[in-house]
Amino acid sequence: MATAFSSDGEAALRRELCAAVAAAPRSDLDGFYEMGRAAAFVRDGGFRKVALQFPDELLADAVEVAGRMEAATGAEMYVLGDTTYGSCCVDEVAAEHVGAEAVLHYGPACLSPCRKLPVLHIFGQQPLDVGRCTEAFRELYPEQQSCVVVLYDVVYAHAMGELEQQLCPEYPNIIFSRLACGDPPGPAVPGEERKFGRQFLVEAAGGLQDYAMFYVGAEGLALTSFMLTWNCCPFSSFNPVTGCGRRETLNVSRALMRRLYLVERARDASVVGILVGTLGVAGYLTVLQHLRELLCRAGKRSYTLAVGKPNPAKLANFLEVDIFVLVACTQNSLLDSSDFYRPVVTPYELELACNPAREWTGSYLTDFRDLLPGACAHVELPAAVPTAEAVPDVSLITGKMRAAHLCDPLTSQLPPSTSLACRDQTRALAEISPAASFLESRSWRGLEQQLGQTPVSKAVQGRRGIAIAYEDEGCEQ
């Protein structure tokens with residue numbers, strides 16, 4: 001933790017930056033970025049302004065791709081230089097700054113449904129040795145009657161058809177998941193699983209718990225989310241980069257124990273910061289309102305914060321906050337907060353802490369849309385319990401007593417009498433926020449305009465270089 005707050009950043013300032021290495025050869029841009037499909041999407045939609053969103057590792061090809069797309073479609077192409085949050089989410093906010101009518105999203109994607117703009121996902125066809133992957137599967141599952149669901153990183157979707165042709169004749173009980181960009185039309189059929197932008201039909205009588213999971217892709221947040229969500233299924237994986245298959249040894253029970261510890265921390269918290277980790281996933285405004293109401297009913301004070309990409313230094317500025325809840329897509333919601341000054345939980349974990357009607361069932365939810373009214377996992381808040389009838393419980397962390405009941409939403413919204421004070425001699429009343437009073441007492445409050453108080457001066461030659469080592473530094477010594 002000390003490194004996160006006390007580092008002078010010298011290593012980052014002196015690090016040399018080089019152009020990102022494109023994932024595809026220059027001669028294969030048309031195939032890697034699927035220029036034909038992208039151009040047809042733009043022409044068929046009649047779009048005149050299109051935003052191109054690249055992850056950092058593909059930005060080196062952005063200018064070339066934009067030029068070819070403009071020549072093929074006649075539309076204006078705008079490259080989004082930096083995404084507000086995770087690059088797996090479609091950055092509709094940045095696209096709307098230029099008045100874009102559609103977005104071409106390149107690279108890995110979480111496949112979260114968007115709210116406004118039409119989106120075409122182009123994952124990039126990363127190479128996959130299908131023969132080696134098939135051999136690894138046979139080694140991991142020697143029994144040909146094994147029930148296995150095949151999951152994969154989106155960048156290897158182009159090779160799944162060939163892998164399916166290799167394995168299906170030998171393994172009659174194998175199921176390949178399908179990508180579903182956006183919400184599939186119509187209700188789910190019995191036995192169908194729809195999660196993480198993927199859908200597959202489970203035919204076994206025992207349901208999904210009778211299946212094993214085989215993941216094609218490198219270790220990362222996507223695999224972690226899959227393992228926590230389907231924690232009843234044994235997992236194995238094949239890494240296309242190393243060409244090795246293995247049984248996943250991530251201790252899911254240990255990871256769940258860590259997350260349940262954070263739930264207990266959320267129960268003890270009195271001030272909660274709601275971190276806006278996405279502005280493009282459909283339903284994020286609804287879940288923000290849902291969390292505010294949940295915290296209000298639980299007698300906790302909440303503040304909504306939009307800080308961009310969370311890091312320990314940013315969140316350490318809010319000392320009055322006891323715990324943070326991150327509203328983000330399924331791949332970015334499981335933030336490892338071990339280096340943070342305060343823990344960061346998911347909306348589902350906050351629900352476990354503040355909604356007495358929700359019980360831990362063994363299944364874990366990373367998609368916040370599952371918690372909303374009308375969703376598959378929504379649980380209504382119970383009626384408020386009078387204070388005299390509240391059943392207290394003991395915190396497992398502090399050992400202190402705490403009231404386990406919901407406040408009446410009408411009385412909980414009334415400010416205490418000490419929050420009103422005279423603002424001026426006209427006896428006008430103003431509400432004083434405790435958090436605002438705390439921020440007002442800080443020595444640093446940001447930049448002030450001070451109009452008319454700053455003398456006008458001519459522009460002068462400034463220093464050159466970086467702040468840690470300017471070119472003229474040392475000349476005066």
# chains A, B, ... in the order shown; residues from 1 in each chain; ligands from 1
$ residues_around --residues "Ala328 (chain A)" --least-positions-apart "4" --cutoff "6 Å" --atoms "only C-alpha atoms" --output "list of chain:residue names"
A:Gly277, A:Thr278, A:Asn332, A:Ser333
$ select_by_dssp --residues "region 187-229 of chain A" --states "strand (DSSP E or B)" --output "count of residues only"
13
$ residues_around --residues "Val345 (chain A)" --least-positions-apart "5" --cutoff "9 Å" --atoms "only C-alpha atoms" --output "ChimeraX atom specification"
/A:259,262-263,266,323-326,333-335,337,350
$ closest_residue --among "A:Pro343, A:Gly191, A:Pro113, A:Pro169" --to "Gly273 (chain A)" --atoms "only C-alpha atoms"
A:Pro343
$ closest_residue --among "A:Cys244, A:Leu117, A:Met257, A:Val189" --to "Asp129 (chain A)" --atoms "only C-alpha atoms"
A:Cys244
$ select_by_dssp --residues "region 259-381 of chain A" --states "helix (DSSP H, G or I)" --output "ChimeraX atom specification"
/A:259-268,284-297,312-315,347-354,368-371
$ closest_atom_pairs --of "region 181-275 of chain A" --to "region 158-165 of chain A" --cutoff "12 Å" --atoms "only C-alpha atoms" --output "Markdown table"
| residue | atom | partner | partner_atom | distance |
| --- | --- | --- | --- | --- |
| A:Tyr215 | CA | A:Met160 | CA | 11.6 |
| A:Val216 | CA | A:Met160 | CA | 9.5 |
| A:Gly217 | CA | A:Met160 | CA | 11.9 |
| A:Pro240 | CA | A:Ala159 | CA | 11.5 |
$ write_last_selection --atoms "N, CA and C atoms" --output "PDB file, in the first residue's frame"
ATOM      1  N   TYR A 215     -12.082 -23.419 -21.251  1.00  0.00           N
ATOM      2  CA  TYR A 215     -11.936 -22.028 -21.694  1.00  0.00           C
ATOM      3  C   TYR A 215     -10.741 -21.898 -22.624  1.00  0.00           C
ATOM      4  N   VAL A 216     -10.950 -21.277 -23.774  1.00  0.00           N
ATOM      5  CA  VAL A 216      -9.877 -21.019 -24.738  1.00  0.00           C
ATOM      6  C   VAL A 216      -9.507 -19.546 -24.618  1.00  0.00           C
ATOM      7  N   GLY A 217      -8.348 -19.271 -24.078  1.00  0.00           N
ATOM      8  CA  GLY A 217      -7.909 -17.892 -23.892  1.00  0.00           C
ATOM      9  C   GLY A 217      -6.902 -17.812 -22.766  1.00  0.00           C
ATOM     10  N   PRO A 240      -3.726 -20.022 -25.904  1.00  0.00           N
ATOM     11  CA  PRO A 240      -3.199 -20.049 -27.275  1.00  0.00           C
ATOM     12  C   PRO A 240      -1.812 -19.445 -27.413  1.00  0.00           C
TER      13      PRO A 240
END
$ residues_around --residues "Leu208 (chain A)" --least-positions-apart "5" --cutoff "10 Å" --atoms "only C-alpha atoms" --output "PyMOL selection string"
chain A and resi 147-149+191-193+201-203+213+230+232-233
$ residues_around --residues "Tyr141 (chain A)" --least-positions-apart "3" --cutoff "12 Å" --atoms "only C-alpha atoms" --output "MDAnalysis selection string"
chainID A and resid 134:138 144:149 167 170:171 173:174 211:214 234:237 245:247
$ write_last_selection --atoms "C-alpha atoms" --output "mmCIF file, in the first residue's frame"
data_model
loop_
_atom_site.group_PDB
_atom_site.id
_atom_site.type_symbol
_atom_site.label_atom_id
_atom_site.label_comp_id
_atom_site.auth_asym_id
_atom_site.auth_seq_id
_atom_site.Cartn_x
_atom_site.Cartn_y
_atom_site.Cartn_z
ATOM 1 C CA THR A 134 -7.736 -30.277 -29.848
ATOM 2 C CA GLU A 135 -4.877 -32.347 -28.430
ATOM 3 C CA ALA A 136 -4.982 -30.422 -25.161
ATOM 4 C CA PHE A 137 -8.726 -31.021 -24.896
ATOM 5 C CA ARG A 138 -8.270 -34.762 -25.429
ATOM 6 C CA GLN A 144 -15.417 -39.178 -24.653
ATOM 7 C CA GLN A 145 -18.777 -39.091 -22.838
ATOM 8 C CA SER A 146 -17.665 -36.070 -20.805
ATOM 9 C CA CYS A 147 -20.155 -33.212 -20.590
ATOM 10 C CA VAL A 148 -18.199 -30.059 -21.413
ATOM 11 C CA VAL A 149 -19.136 -26.468 -22.252
ATOM 12 C CA LEU A 167 -14.269 -32.283 -31.376
ATOM 13 C CA GLU A 170 -15.619 -37.615 -30.792
ATOM 14 C CA TYR A 171 -17.484 -35.925 -27.915
ATOM 15 C CA ASN A 173 -21.953 -34.214 -25.082
ATOM 16 C CA ILE A 174 -19.835 -31.162 -25.876
ATOM 17 C CA TYR A 211 -20.861 -29.967 -16.897
ATOM 18 C CA ALA A 212 -17.203 -29.040 -16.905
ATOM 19 C CA MET A 213 -15.976 -25.796 -18.477
ATOM 20 C CA PHE A 214 -13.184 -25.567 -21.059
ATOM 21 C CA PRO A 234 -14.646 -27.689 -12.712
ATOM 22 C CA PHE A 235 -12.630 -25.511 -15.092
ATOM 23 C CA SER A 236 -9.771 -26.160 -17.456
ATOM 24 C CA SER A 237 -8.231 -23.880 -20.052
ATOM 25 C CA GLY A 245 -3.675 -26.705 -21.513
ATOM 26 C CA ARG A 246 -4.194 -27.057 -17.787
ATOM 27 C CA ARG A 247 -6.763 -27.658 -15.090
#
$ residues_around --residues "Leu381 (chain A)" --least-positions-apart "5" --cutoff "10 Å" --atoms "only C-alpha atoms" --output "list in words"
Leu294, Arg297, Glu351, Cys354, Asn355, Pro356, Ala357, Arg358 and Leu406 of chain A
$ closest_residue --among "A:Cys181, A:Cys329, A:Leu111, A:Ile274" --to "Ser302 (chain A)" --atoms "only C-alpha atoms"
A:Ile274
$ residues_around --residues "Glu264 (chain A)" --least-positions-apart "5" --cutoff "8 Å" --atoms "only C-alpha atoms" --output "ChimeraX atom specification"
/A:353,395-397
$ closest_residue --among "A:Arg267, A:Arg115, A:Arg132, A:Arg68" --to "Asp393 (chain A)" --atoms "only C-alpha atoms"
A:Arg267
